[in-house]
Structure formats: C-alpha cells, structure tokens
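Structure record follows, encoded as structure tokens.
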Amino acid sequence: MSEQKESENNLNPDKPKKKKFTMPHIYVILFTFIVLASIATYFIPAGMYDRVPGPEGRETIDPNSFQSVEQSPIGIIDFMTAIPRGLIEAGEIVFFTFIIGGLFAVIKKTGLIEIGVDKLTRRFSSNSIMVIPVLFILFATICGLIGTQELSLVYVPVMLPLMIALGYDSIVAAGLALIGTAAGFTTGFLNPVNTGLGQKISGLPVFSGIELRLIAFVVFVVIGLTYLIRYAQKVKKNPKASLVYEDDADKREQYLEKSETGSPRKATIRQKIASVFILVFFCLLIYGVVTQGWFMIEMAGLFILMGVVVGRISGLNFTEICEGFNDGFREVLIGAFIIGVARAVAVVMEDGMVMDTIVNSLGSLVGELPSVFGAIGMAVVQMLFNFLVPSGSGQALVTMPIMAPLSDLIGVTRQTAVLAYQFGDGIGNLLYPTSGYFMATIALAGVSWEKWVRFYLPLFFMWFGAAVVILIIAQVMQWS
C-alpha cells in the first residue's frame, strides 16, 4: 500500500503536499490574547473591589466591596498603546533580563566560564547524571525557603555551558533551573512570597501546616527530578532526540567539542582572583535577597558592578566590557521584549475594568462546587487567574481575600485554600507566556516557548495530578 501511494506521488509531482501544523510565533500568540482580552472588555461587565491596606503595608482587596461600575471597553488608542505600556509596566524584569544577559556575556569574554566548565566536565565525565539531582535539590530547597523564582535567571547562564559540555541540551539546563525552583516555590514549606503572605491574608499562623507542605515538596521534587533525568538520559544516549538539537548546534561546537579534546584549561593569576570576586559578589547577592529584601533592581545594579569589576580584574579593558554587555543584550532581546508584550494582556484587562469581575466570577464558580471538589476547584481557578497575574504575591493579594472566607462557606479549611493557591500559582508559572521570569529564563537558555511547552506539558499534568491527590487528602483530613 505504501509503495502504491509513493508511485502515485511520483506520477503526480505537482500534487500539493499536506503542510504540517506549526505553532504560531509567540508574538502572534500573545497578540491574539491581547485582541481577545480587548474584545472581552465589551462583553464582560465592568466591576471593581475597594483596595485596602494589607499585610506588610501591601494593598489588597476588600472581599465584600465588589460593585458594578460603568463599562469601560478598550478603545483604539488603548489597544494601540497596550504593548508599549506593557513594556513599561514590566520594565523591572525586562531590564533585569538585559543585565543578566550582559553580565554573563562579559564573564564569558573573560574565559572563566570555559575554564569552569572544562574542570567540571572532566570531574563528572564518568558519572555526569549525578550533577542533575544535586543541583535540582539545591535549587528546589533554596526556593522553598526564600521563594525567589527569579534566581532561575542567575542559574541558567551558568548551567547552560555545563549541561552542553556534559552531553545534554539547552532544555536540560533550563529545566534544571526552572523545574527545580518551581518544585520549591509551588510547595513553599517556608516560602514568604506565597505561603507566608497567603497565610497572613487568610488569618493563619505564618508557616503553619509545614508537615504536609514538606511531604508535597518531596513529591514534587521526585516527580520533577525523575522526569528531567529521563529526558536528559534520552538526549545523552541519542543527541538527535533533543527537542532543540538543531538550535544547539553552535553551543555544542563551543562547549562540547572543546571539552572532549585538548589538555585541561588553566586559569591565570588574574582569572583566579576574578573567580574569588565572583564568589564574593554571589555571597553578597544571597545576603541582600535573604536579609535586605533585595529584588530585581538591587540585583541588576549589583550585576552591573560585578561585570565591570570582574572584567577589569580578568584583564578586559572598558571597551571590551561594554561590548560584552552589548553582546549579552542582543542575545536576550527577543525574550525581554516578549515579557513586555505578555504584560499587555493584563494591561488591557485592567484598563477595561474587568479584572475584578473575573476574580468575583471565579470565586462564585468555586462556591457552587460540592465541598469534596472545593479545594480542587480553587486550585483550577487560581491556575486560570495565574495567566492574568503571574506574580505570586500579586495573585495572593487579589484572590486570597475572597478564597479564604469562601473556603469557610464550602467546607474547605483555610490551610487547604492556601495550598490550592500555591499549587495553582506555581504549576502555571512554567507554562504561560505571560510569566515574565519564566519567559526571560528560557530566552537566556535559547529555548523557544513552543519547544518548552512540548517538553513541559507532560510534567504539568503529572504535577497537577499530584496536586489533586494532595488536596483531596487535605480535604478528607480537614487539614488546619
């Protein structure tokens, strides 16, 4: 039969071939979302909650204050300026992405990355797979403690050359940073960003219920780590099985082939001193994030200083340092721009005064569910809302004032409601193109959103299935 079809095709060379489906460009996808959001402002009734002071001086909503307001559909000027305003509102993470890209391009110019990769590759050449669980558990634990997913942006440029040199690919590097941090952030056993804030808003003792969260942490780490290792082993065995095999061609030429041949690379005295300063800067980074509340602006300023100091100590002149930053800026340009375009979706919903209406409607939808499905419904609702507000703290401030009292009415404990929020927020962060830090991280790794989705989607469903089981257990035991 196949021979007959082949002969028919040969006899009809002009017969049009069926085109394979290809995922639209991420710009097209995001622009479609912006258009749909704009149209929705003409049909979804406008409404709003009153804003009141919340925990730690943050603004939250009064759950009993929802009221309809005059319709405010998006006009042509609002639509036309949505993307520029999205870039402005997401400016902090956009420019943080640029600075991260610039910093590691400068460090690459110093030769320190190649030296470090060469040493690690030779050390783990006989058992390279062990690098993955060690780093994965480390990243998950750090994020479970401090909740800074944005550290993925710091991990990836360091992990990328190492994973390539060890025979893996860019997705393994991105997955190591993103899945590792997501496992810790989602379960957040001592995470002040989602667990702590969510419990404060819900009137619970901060970090109470840590036992079940630690169990959830172990479950998510085991599932995520097993999934990543299986993919990494498949790529190691057959490099062409990689989803980014062609995209990684230049990286393999730069890191893999050089690491397999030649004598070990040796650092100069200046490079050794520069390496010490890199360690000092990263210790300063951890100190600032953990004790001083540093975030992207402070970290970006530190990274600029780090690039200049390390570059000069290593022997680069100021022109070479500047060109290094420029090279890094160019490498992450598309990813940084995507972050601003994605933010435009939320800009349109806020301008059209329909964001609060959506929150109110989703809350009402959960209230109609039977109590046994209440916690699962909350997780689904939080996951849907996460597309519009991917910030963990931002989502808590908007949704938990509604979900906490609602949980009392439907027979779900407030502790379970907070966990449902954590699951819904964390799992979706690695899927939605509106998640700024996620899009910036895969941009640094050189992985397109479309290929990441192909890789991550099975894990997404595994994690969600695990979340459902844990929430059912919490519901049955009336966890409080």
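Letters for chains follow the order of the structure tokens (A, B, ...), residue numbers begin at 1 for each chain, and ligand numbers begin at 1 in the order shown.
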Write down as an NGL selection string the residues of range 143-363 of chain A whose backbone DSSP state falls under helix (DSSP H, G or I).
:A and (143-146 or 149-165 or 170-187 or 192-201 or 210-237 or 239-241 or 249-260 or 269-291 or 296-314 or 318-331 or 333-351 or 355-363)
With only C-alpha atoms counted and 8 Å as the cut-off, give the residues of range 169-273 of chain A in contact with range 112-123 of chain A, each with its shortest interatomic distance in Å and the pair that gives it, as JSON lines.
{"residue": "A:Tyr255", "atom": "CA", "partner": "A:Glu114", "partner_atom": "CA", "distance": 7.5}
{"residue": "A:Ser259", "atom": "CA", "partner": "A:Asp118", "partner_atom": "CA", "distance": 5.7}
{"residue": "A:Pro264", "atom": "CA", "partner": "A:Asp118", "partner_atom": "CA", "distance": 6.9}
{"residue": "A:Arg265", "atom": "CA", "partner": "A:Ile115", "partner_atom": "CA", "distance": 5.7}
{"residue": "A:Lys266", "atom": "CA", "partner": "A:Ile115", "partner_atom": "CA", "distance": 6.9}
{"residue": "A:Ala267", "atom": "CA", "partner": "A:Ile115", "partner_atom": "CA", "distance": 6.9}
{"residue": "A:Gln271", "atom": "CA", "partner": "A:Leu112", "partner_atom": "CA", "distance": 6.7}
Who sits within 12 Å of Val412 in chain A, only C-alpha atoms, same chain under 2 positions skipped, as JSON, numbers by chain
{"A": [366, 367, 369, 370, 371, 372, 373, 374, 375, 376, 377, 378, 403, 404, 405, 406, 407, 408, 409, 410, 414, 415, 416, 417, 418, 419, 420, 471, 472, 473, 474, 475, 476, 477, 478, 479, 480]}
Given the selection you just returned, output its residues as a file containing N, CA and C atoms, formatted as a short mmCIF file (atom, residue, chain, number, x, y, z; two decimals), in the first residue's frame.
data_model
loop_
_atom_site.label_atom_id
_atom_site.label_comp_id
_atom_site.auth_asym_id
_atom_site.auth_seq_id
_atom_site.Cartn_x
_atom_site.Cartn_y
_atom_site.Cartn_z
N VAL A 366 -16.45 28.68 42.21
CA VAL A 366 -15.96 27.72 43.20
C VAL A 366 -17.03 27.48 44.27
N GLY A 367 -17.74 28.54 44.64
CA GLY A 367 -18.77 28.42 45.67
C GLY A 367 -19.90 27.49 45.29
N LEU A 369 -19.47 24.61 43.73
CA LEU A 369 -18.98 23.23 43.67
C LEU A 369 -19.31 22.47 44.95
N PRO A 370 -19.51 21.14 44.87
CA PRO A 370 -19.66 20.33 46.09
C PRO A 370 -18.39 20.45 46.93
N SER A 371 -18.52 20.31 48.24
CA SER A 371 -17.38 20.55 49.13
C SER A 371 -16.21 19.64 48.83
N VAL A 372 -16.47 18.39 48.38
CA VAL A 372 -15.38 17.47 48.11
C VAL A 372 -14.50 17.95 46.96
N PHE A 373 -15.09 18.73 46.05
CA PHE A 373 -14.33 19.25 44.93
C PHE A 373 -13.91 20.71 45.13
N GLY A 374 -14.23 21.27 46.29
CA GLY A 374 -13.98 22.68 46.52
C GLY A 374 -12.51 23.05 46.41
N ALA A 375 -11.64 22.26 47.06
CA ALA A 375 -10.21 22.58 47.05
C ALA A 375 -9.64 22.44 45.64
N ILE A 376 -10.07 21.41 44.91
CA ILE A 376 -9.59 21.23 43.54
C ILE A 376 -10.07 22.39 42.66
N GLY A 377 -11.33 22.79 42.86
CA GLY A 377 -11.85 23.93 42.10
C GLY A 377 -11.06 25.19 42.38
N MET A 378 -10.66 25.39 43.63
CA MET A 378 -9.86 26.56 43.97
C MET A 378 -8.51 26.53 43.25
N MET A 403 -10.96 33.93 48.51
CA MET A 403 -10.93 32.48 48.68
C MET A 403 -10.94 32.05 50.15
N ALA A 404 -10.31 32.84 51.03
CA ALA A 404 -10.24 32.45 52.45
C ALA A 404 -11.63 32.38 53.08
N PRO A 405 -12.44 33.45 53.03
CA PRO A 405 -13.79 33.34 53.62
C PRO A 405 -14.70 32.39 52.84
N LEU A 406 -14.47 32.29 51.51
CA LEU A 406 -15.26 31.37 50.69
C LEU A 406 -15.02 29.92 51.13
N SER A 407 -13.78 29.61 51.50
CA SER A 407 -13.46 28.25 51.93
C SER A 407 -14.27 27.87 53.18
N ASP A 408 -14.52 28.85 54.04
CA ASP A 408 -15.33 28.58 55.25
C ASP A 408 -16.74 28.15 54.87
N LEU A 409 -17.27 28.76 53.81
CA LEU A 409 -18.66 28.51 53.41
C LEU A 409 -18.82 27.15 52.75
N ILE A 410 -17.79 26.68 52.03
CA ILE A 410 -17.94 25.43 51.27
C ILE A 410 -17.30 24.23 51.98
N ARG A 414 -9.05 26.82 55.64
CA ARG A 414 -8.26 27.91 55.07
C ARG A 414 -6.83 27.45 54.73
N GLN A 415 -6.32 26.52 55.52
CA GLN A 415 -4.99 25.98 55.22
C GLN A 415 -4.97 25.30 53.85
N THR A 416 -6.02 24.57 53.56
CA THR A 416 -6.14 23.89 52.27
C THR A 416 -6.32 24.91 51.15
N ALA A 417 -7.08 25.98 51.44
CA ALA A 417 -7.28 27.03 50.44
C ALA A 417 -5.96 27.69 50.06
N VAL A 418 -5.09 27.91 51.03
CA VAL A 418 -3.77 28.50 50.75
C VAL A 418 -2.94 27.54 49.90
N LEU A 419 -2.99 26.25 50.23
CA LEU A 419 -2.24 25.26 49.45
C LEU A 419 -2.75 25.18 48.02
N ALA A 420 -4.06 25.30 47.84
CA ALA A 420 -4.65 25.30 46.49
C ALA A 420 -4.15 26.50 45.70
N LEU A 471 -4.50 17.60 47.64
CA LEU A 471 -5.63 18.43 48.08
C LEU A 471 -6.79 17.57 48.57
N ILE A 472 -7.02 16.42 47.93
CA ILE A 472 -8.07 15.51 48.39
C ILE A 472 -7.74 14.99 49.79
N ILE A 473 -6.46 14.63 49.98
CA ILE A 473 -6.04 14.16 51.31
C ILE A 473 -6.24 15.25 52.35
N ALA A 474 -5.85 16.49 52.00
CA ALA A 474 -6.02 17.62 52.92
C ALA A 474 -7.49 17.85 53.23
N GLN A 475 -8.35 17.68 52.22
CA GLN A 475 -9.78 17.88 52.41
C GLN A 475 -10.38 16.79 53.31
N VAL A 476 -9.98 15.55 53.06
CA VAL A 476 -10.51 14.44 53.84
C VAL A 476 -10.11 14.55 55.32
N MET A 477 -8.87 14.95 55.55
CA MET A 477 -8.39 15.04 56.94
C MET A 477 -8.73 16.39 57.59
N GLN A 478 -9.39 17.28 56.80
CA GLN A 478 -9.75 18.61 57.28
C GLN A 478 -8.52 19.29 57.89
N TRP A 479 -7.49 19.35 57.07
CA TRP A 479 -6.18 19.90 57.47
C TRP A 479 -6.31 21.37 57.89
N SER A 480 -5.81 21.68 59.06
CA SER A 480 -5.92 23.07 59.53
C SER A 480 -4.65 23.48 60.24
#
I'd like the interatomic distance between CA of Ile273 in chain A and CA of Ala174 in chain A, to a tenth of an Å.
29.1 Å
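As for CA of Ile26 in chain A and CA of Val341 in chain A, they are spaced 9.8 Å apart.
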Between CA of Met163 in chain A and CA of Pro24 in chain A, measure the distance and give it in Å to one decimal.
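We find that CA of Met163 in chain A and CA of Pro24 in chain A lie 28.7 Å from each other.
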Tell me which protein, DNA and RNA residues are within 12 Å of Thr22 in chain A, counting only C-alpha atoms, leaving out same-chain ones fewer than 3 positions away, and put them as a ChimeraX atom specification.
/A:19,25-26,450-451
Looking at A:Phe220, A:Leu302, A:Ile34, A:Thr357, which one is nearest to Phe464 in chain A, with distances taken over only C-alpha atoms?
A:Phe220
Exercise: Leu459 in chain A partners within 12 Å, only C-alpha atoms, chain neighbours under 6 positions left out, as a compact mmCIF listing (two decimals) with all heavy atoms, in the first residue's frame:
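out.txt was written with the following content:
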# COMPACT_ATOMS: atom_id res chain seq x y z
N GLY A 175 15.47 23.37 32.31
CA GLY A 175 14.64 22.57 33.21
C GLY A 175 15.24 22.44 34.59
O GLY A 175 14.52 22.46 35.59
N ILE A 179 12.39 23.94 36.67
CA ILE A 179 11.62 22.90 37.35
C ILE A 179 12.07 22.78 38.80
O ILE A 179 11.26 22.59 39.71
CB ILE A 179 11.75 21.56 36.60
CG1 ILE A 179 11.16 21.68 35.20
CG2 ILE A 179 11.02 20.45 37.36
CD1 ILE A 179 11.41 20.47 34.32
N ALA A 182 10.65 25.74 40.64
CA ALA A 182 9.18 25.64 40.70
C ALA A 182 8.74 24.61 41.72
O ALA A 182 7.73 24.81 42.41
CB ALA A 182 8.62 25.29 39.33
N ALA A 183 9.47 23.50 41.85
CA ALA A 183 9.11 22.48 42.84
C ALA A 183 9.17 23.07 44.25
O ALA A 183 8.29 22.80 45.08
CB ALA A 183 10.05 21.28 42.72
N PHE A 220 6.78 16.61 44.76
CA PHE A 220 7.03 17.42 43.57
C PHE A 220 8.49 17.30 43.11
O PHE A 220 8.76 17.27 41.90
CB PHE A 220 6.68 18.88 43.85
CG PHE A 220 5.24 19.21 43.54
CD1 PHE A 220 4.21 18.61 44.23
CD2 PHE A 220 4.92 20.13 42.56
CE1 PHE A 220 2.89 18.90 43.96
CE2 PHE A 220 3.60 20.44 42.27
CZ PHE A 220 2.57 19.81 42.97
N VAL A 221 9.42 17.24 44.05
CA VAL A 221 10.84 17.10 43.68
C VAL A 221 11.08 15.75 43.01
O VAL A 221 11.75 15.67 41.97
CB VAL A 221 11.74 17.25 44.93
CG1 VAL A 221 13.16 16.76 44.62
CG2 VAL A 221 11.79 18.71 45.36
N VAL A 222 10.53 14.69 43.56
CA VAL A 222 10.73 13.35 42.99
C VAL A 222 10.16 13.27 41.59
O VAL A 222 10.81 12.77 40.65
CB VAL A 222 10.09 12.28 43.91
CG1 VAL A 222 10.06 10.92 43.19
CG2 VAL A 222 10.87 12.16 45.20
N ILE A 223 8.94 13.77 41.40
CA ILE A 223 8.31 13.73 40.07
C ILE A 223 9.09 14.57 39.07
O ILE A 223 9.42 14.12 37.97
CB ILE A 223 6.85 14.20 40.14
CG1 ILE A 223 6.00 13.22 40.95
CG2 ILE A 223 6.25 14.35 38.73
CD1 ILE A 223 4.58 13.69 41.21
N GLY A 224 9.41 15.82 39.45
CA GLY A 224 10.12 16.71 38.54
C GLY A 224 11.51 16.21 38.21
O GLY A 224 11.94 16.26 37.04
N LEU A 225 12.23 15.73 39.21
CA LEU A 225 13.59 15.25 39.00
C LEU A 225 13.61 14.00 38.14
O LEU A 225 14.45 13.86 37.22
CB LEU A 225 14.25 14.98 40.35
CG LEU A 225 15.71 14.50 40.35
CD1 LEU A 225 16.59 15.47 39.59
CD2 LEU A 225 16.21 14.33 41.78
N THR A 226 12.71 13.07 38.40
CA THR A 226 12.63 11.85 37.60
C THR A 226 12.34 12.17 36.14
O THR A 226 12.95 11.61 35.22
CB THR A 226 11.53 10.91 38.15
OG1 THR A 226 11.81 10.60 39.51
CG2 THR A 226 11.47 9.62 37.34
N TYR A 227 11.41 13.09 35.92
CA TYR A 227 11.05 13.49 34.56
C TYR A 227 12.25 14.11 33.84
O TYR A 227 12.53 13.77 32.68
CB TYR A 227 9.89 14.48 34.61
CG TYR A 227 9.36 14.89 33.25
CD1 TYR A 227 8.49 14.07 32.55
CD2 TYR A 227 9.74 16.10 32.68
CE1 TYR A 227 8.00 14.43 31.30
CE2 TYR A 227 9.26 16.48 31.43
CZ TYR A 227 8.40 15.65 30.75
OH TYR A 227 7.93 16.01 29.52
N LEU A 228 12.96 15.00 34.51
CA LEU A 228 14.10 15.68 33.89
C LEU A 228 15.23 14.70 33.60
O LEU A 228 15.86 14.76 32.54
CB LEU A 228 14.59 16.81 34.81
CG LEU A 228 15.74 17.67 34.26
CD1 LEU A 228 15.31 18.40 32.98
CD2 LEU A 228 16.19 18.69 35.31
N ARG A 230 15.06 11.47 33.05
CA ARG A 230 14.69 10.59 31.93
C ARG A 230 14.91 11.29 30.59
O ARG A 230 15.44 10.69 29.64
CB ARG A 230 13.23 10.15 32.05
CG ARG A 230 12.98 9.14 33.17
CD ARG A 230 11.56 8.62 33.13
NE ARG A 230 11.28 7.89 31.90
CZ ARG A 230 10.07 7.42 31.58
NH1 ARG A 230 9.04 7.62 32.41
NH2 ARG A 230 9.89 6.78 30.46
N TYR A 231 14.53 12.55 30.52
CA TYR A 231 14.76 13.30 29.27
C TYR A 231 16.26 13.47 29.03
O TYR A 231 16.75 13.30 27.90
CB TYR A 231 14.08 14.66 29.34
CG TYR A 231 14.39 15.54 28.14
CD1 TYR A 231 13.70 15.39 26.94
CD2 TYR A 231 15.40 16.50 28.20
CE1 TYR A 231 14.00 16.17 25.83
CE2 TYR A 231 15.71 17.28 27.09
CZ TYR A 231 15.01 17.12 25.91
OH TYR A 231 15.32 17.89 24.81
N ILE A 427 2.41 25.88 39.44
CA ILE A 427 2.45 24.98 38.28
C ILE A 427 2.27 25.74 36.97
O ILE A 427 2.93 25.45 35.97
CB ILE A 427 1.36 23.90 38.43
CG1 ILE A 427 1.64 23.02 39.66
CG2 ILE A 427 1.30 23.02 37.18
CD1 ILE A 427 0.54 22.03 39.98
N GLY A 428 1.39 26.76 36.98
CA GLY A 428 1.14 27.52 35.76
C GLY A 428 2.26 28.45 35.37
O GLY A 428 2.36 28.87 34.21
N LEU A 430 5.28 27.92 34.76
CA LEU A 430 6.19 27.39 33.76
C LEU A 430 5.50 27.04 32.45
O LEU A 430 6.08 26.38 31.59
CB LEU A 430 6.89 26.13 34.29
CG LEU A 430 7.71 26.26 35.57
CD1 LEU A 430 8.54 25.02 35.80
CD2 LEU A 430 8.59 27.49 35.54
N LEU A 431 4.28 27.53 32.30
CA LEU A 431 3.52 27.25 31.07
C LEU A 431 3.08 28.51 30.36
O LEU A 431 3.17 28.61 29.13
CB LEU A 431 2.29 26.40 31.42
CG LEU A 431 1.41 25.95 30.26
CD1 LEU A 431 2.19 25.03 29.32
CD2 LEU A 431 0.16 25.23 30.76
N TRP A 452 9.55 24.51 24.59
CA TRP A 452 9.47 24.28 26.03
C TRP A 452 8.12 23.66 26.39
O TRP A 452 8.05 22.74 27.22
CB TRP A 452 9.67 25.58 26.80
CG TRP A 452 9.40 25.39 28.27
CD1 TRP A 452 8.22 25.63 28.93
CD2 TRP A 452 10.29 24.85 29.25
NE1 TRP A 452 8.34 25.30 30.26
CE2 TRP A 452 9.59 24.81 30.48
CE3 TRP A 452 11.61 24.40 29.20
CZ2 TRP A 452 10.17 24.35 31.65
CZ3 TRP A 452 12.19 23.93 30.38
CH2 TRP A 452 11.48 23.91 31.58
N VAL A 453 7.04 24.14 25.78
CA VAL A 453 5.71 23.61 26.06
C VAL A 453 5.65 22.12 25.71
O VAL A 453 5.09 21.31 26.46
CB VAL A 453 4.63 24.40 25.29
CG1 VAL A 453 3.28 23.69 25.38
CG2 VAL A 453 4.51 25.81 25.85
N GLY A 465 -1.81 16.34 38.68
CA GLY A 465 -2.40 15.13 39.25
C GLY A 465 -1.97 14.92 40.69
O GLY A 465 -2.78 14.57 41.55
N ALA A 466 -0.67 15.16 40.96
CA ALA A 466 -0.17 15.04 42.33
C ALA A 466 -0.83 16.07 43.24
O ALA A 466 -1.18 15.78 44.39
CB ALA A 466 1.35 15.22 42.34
Which of these, A:Ala300, A:Val389, A:Leu197, A:Ile88, has the shortest distance to Thr434 in chain A once you count only C-alpha atoms?
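Nearest to Thr434 in chain A: A:Val389.
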Please provide as a ChimeraX atom specification all residues within 8 Å of range 316-333 of chain A, with the sequence filter that same-chain residues fewer than 6 positions apart are discarded (counting only C-alpha atoms).
/A:97-106,109-110,307-308,440,443-444
Next, the residues of the selection above should be written as a compact mmCIF listing (two decimals), in the first residue's frame with all heavy atoms.
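Everything below was put into part_18.txt:
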# COMPACT_ATOMS: atom_id res chain seq x y z
N THR A 97 16.48 41.24 32.80
CA THR A 97 16.87 40.24 31.81
C THR A 97 18.04 40.72 30.97
O THR A 97 19.00 39.97 30.72
CB THR A 97 15.68 39.91 30.90
OG1 THR A 97 14.56 39.51 31.69
CG2 THR A 97 16.03 38.79 29.92
N PHE A 98 17.99 41.96 30.55
CA PHE A 98 19.11 42.53 29.78
C PHE A 98 20.40 42.50 30.59
O PHE A 98 21.46 42.11 30.07
CB PHE A 98 18.79 43.98 29.37
CG PHE A 98 17.94 44.10 28.14
CD1 PHE A 98 16.75 44.82 28.17
CD2 PHE A 98 18.31 43.51 26.95
CE1 PHE A 98 15.96 44.94 27.04
CE2 PHE A 98 17.53 43.63 25.81
CZ PHE A 98 16.35 44.34 25.85
N ILE A 99 20.34 42.91 31.84
CA ILE A 99 21.55 42.99 32.66
C ILE A 99 22.14 41.60 32.91
O ILE A 99 23.36 41.41 32.84
CB ILE A 99 21.24 43.68 34.01
CG1 ILE A 99 20.76 45.12 33.78
CG2 ILE A 99 22.49 43.69 34.90
CD1 ILE A 99 21.72 45.98 32.99
N ILE A 100 21.27 40.62 33.17
CA ILE A 100 21.75 39.25 33.37
C ILE A 100 22.47 38.76 32.11
O ILE A 100 23.56 38.17 32.16
CB ILE A 100 20.57 38.31 33.70
CG1 ILE A 100 20.15 38.50 35.14
CG2 ILE A 100 20.96 36.86 33.48
CD1 ILE A 100 21.04 37.79 36.14
N GLY A 101 21.83 38.98 30.96
CA GLY A 101 22.45 38.57 29.70
C GLY A 101 23.79 39.25 29.49
O GLY A 101 24.77 38.63 29.07
N GLY A 102 23.85 40.55 29.79
CA GLY A 102 25.09 41.30 29.63
C GLY A 102 26.18 40.82 30.57
O GLY A 102 27.35 40.67 30.17
N LEU A 103 25.82 40.58 31.83
CA LEU A 103 26.81 40.14 32.81
C LEU A 103 27.50 38.85 32.37
O LEU A 103 28.73 38.75 32.38
CB LEU A 103 26.13 39.92 34.16
CG LEU A 103 26.98 39.17 35.21
CD1 LEU A 103 28.19 39.98 35.62
CD2 LEU A 103 26.13 38.80 36.42
N PHE A 104 26.70 37.86 31.98
CA PHE A 104 27.31 36.57 31.64
C PHE A 104 28.03 36.60 30.30
O PHE A 104 28.94 35.79 30.07
CB PHE A 104 26.26 35.46 31.70
CG PHE A 104 25.97 35.04 33.12
CD1 PHE A 104 24.92 35.59 33.82
CD2 PHE A 104 26.78 34.13 33.75
CE1 PHE A 104 24.67 35.22 35.14
CE2 PHE A 104 26.55 33.75 35.07
CZ PHE A 104 25.49 34.30 35.76
N ALA A 105 27.68 37.53 29.44
CA ALA A 105 28.46 37.71 28.21
C ALA A 105 29.84 38.28 28.56
O ALA A 105 30.85 37.88 27.96
CB ALA A 105 27.73 38.63 27.24
N VAL A 106 29.90 39.18 29.54
CA VAL A 106 31.19 39.72 29.98
C VAL A 106 32.03 38.62 30.62
O VAL A 106 33.23 38.47 30.33
CB VAL A 106 30.99 40.89 30.98
CG1 VAL A 106 32.32 41.29 31.61
CG2 VAL A 106 30.36 42.08 30.28
N LYS A 109 33.54 36.45 28.12
CA LYS A 109 34.70 37.07 27.49
C LYS A 109 35.98 36.90 28.31
O LYS A 109 37.08 36.83 27.77
CB LYS A 109 34.44 38.57 27.26
CG LYS A 109 33.81 38.92 25.93
CD LYS A 109 33.69 40.43 25.81
CE LYS A 109 33.22 40.81 24.41
NZ LYS A 109 34.26 40.59 23.39
N THR A 110 35.81 36.81 29.63
CA THR A 110 36.99 36.66 30.48
C THR A 110 37.59 35.25 30.38
O THR A 110 38.73 35.03 30.82
CB THR A 110 36.65 36.92 31.96
OG1 THR A 110 35.76 35.88 32.44
CG2 THR A 110 35.99 38.29 32.13
N GLY A 307 30.00 42.85 36.70
CA GLY A 307 30.55 42.72 35.36
C GLY A 307 31.77 43.60 35.15
O GLY A 307 32.77 43.17 34.57
N VAL A 308 31.69 44.83 35.63
CA VAL A 308 32.81 45.77 35.47
C VAL A 308 34.01 45.32 36.29
O VAL A 308 35.14 45.26 35.78
CB VAL A 308 32.37 47.20 35.88
CG1 VAL A 308 33.57 48.14 35.84
CG2 VAL A 308 31.27 47.71 34.96
N ALA A 440 11.82 34.98 30.42
CA ALA A 440 13.19 35.50 30.40
C ALA A 440 14.21 34.38 30.55
O ALA A 440 15.27 34.38 29.92
CB ALA A 440 13.37 36.52 31.51
N ALA A 443 14.56 32.38 27.43
CA ALA A 443 15.25 33.21 26.45
C ALA A 443 16.76 33.15 26.68
O ALA A 443 17.55 33.05 25.73
CB ALA A 443 14.76 34.65 26.53
N LEU A 444 17.17 33.20 27.95
CA LEU A 444 18.60 33.09 28.26
C LEU A 444 19.16 31.73 27.85
O LEU A 444 20.32 31.62 27.47
CB LEU A 444 18.83 33.31 29.76
CG LEU A 444 18.67 34.75 30.27
CD1 LEU A 444 18.67 34.77 31.80
CD2 LEU A 444 19.80 35.64 29.75
For range 204-216 of chain A: contacts at 6 Å, only C-alpha atoms, fewer than 5 positions along chain excluded, given as a ChimeraX atom specification:
/A:187,189,196,199
Please, could you write that set of residues out with C-alpha atoms as a PDB file, in the first residue's frame?
ATOM      1  CA  THR A 187       5.086  23.701  47.742  1.00  0.00           C
ATOM      2  CA  PHE A 189       7.298  24.997  53.041  1.00  0.00           C
ATOM      3  CA  GLY A 196       3.674  33.344  54.240  1.00  0.00           C
ATOM      4  CA  GLN A 199      -1.459  32.634  55.332  1.00  0.00           C
TER       5      GLN A 199
END
Would you mind telling me which residue in A:Glu92, A:Asp248, A:Glu150, A:Asp425 lies nearest to Ser170 in chain A when using only C-alpha atoms?
A:Asp248
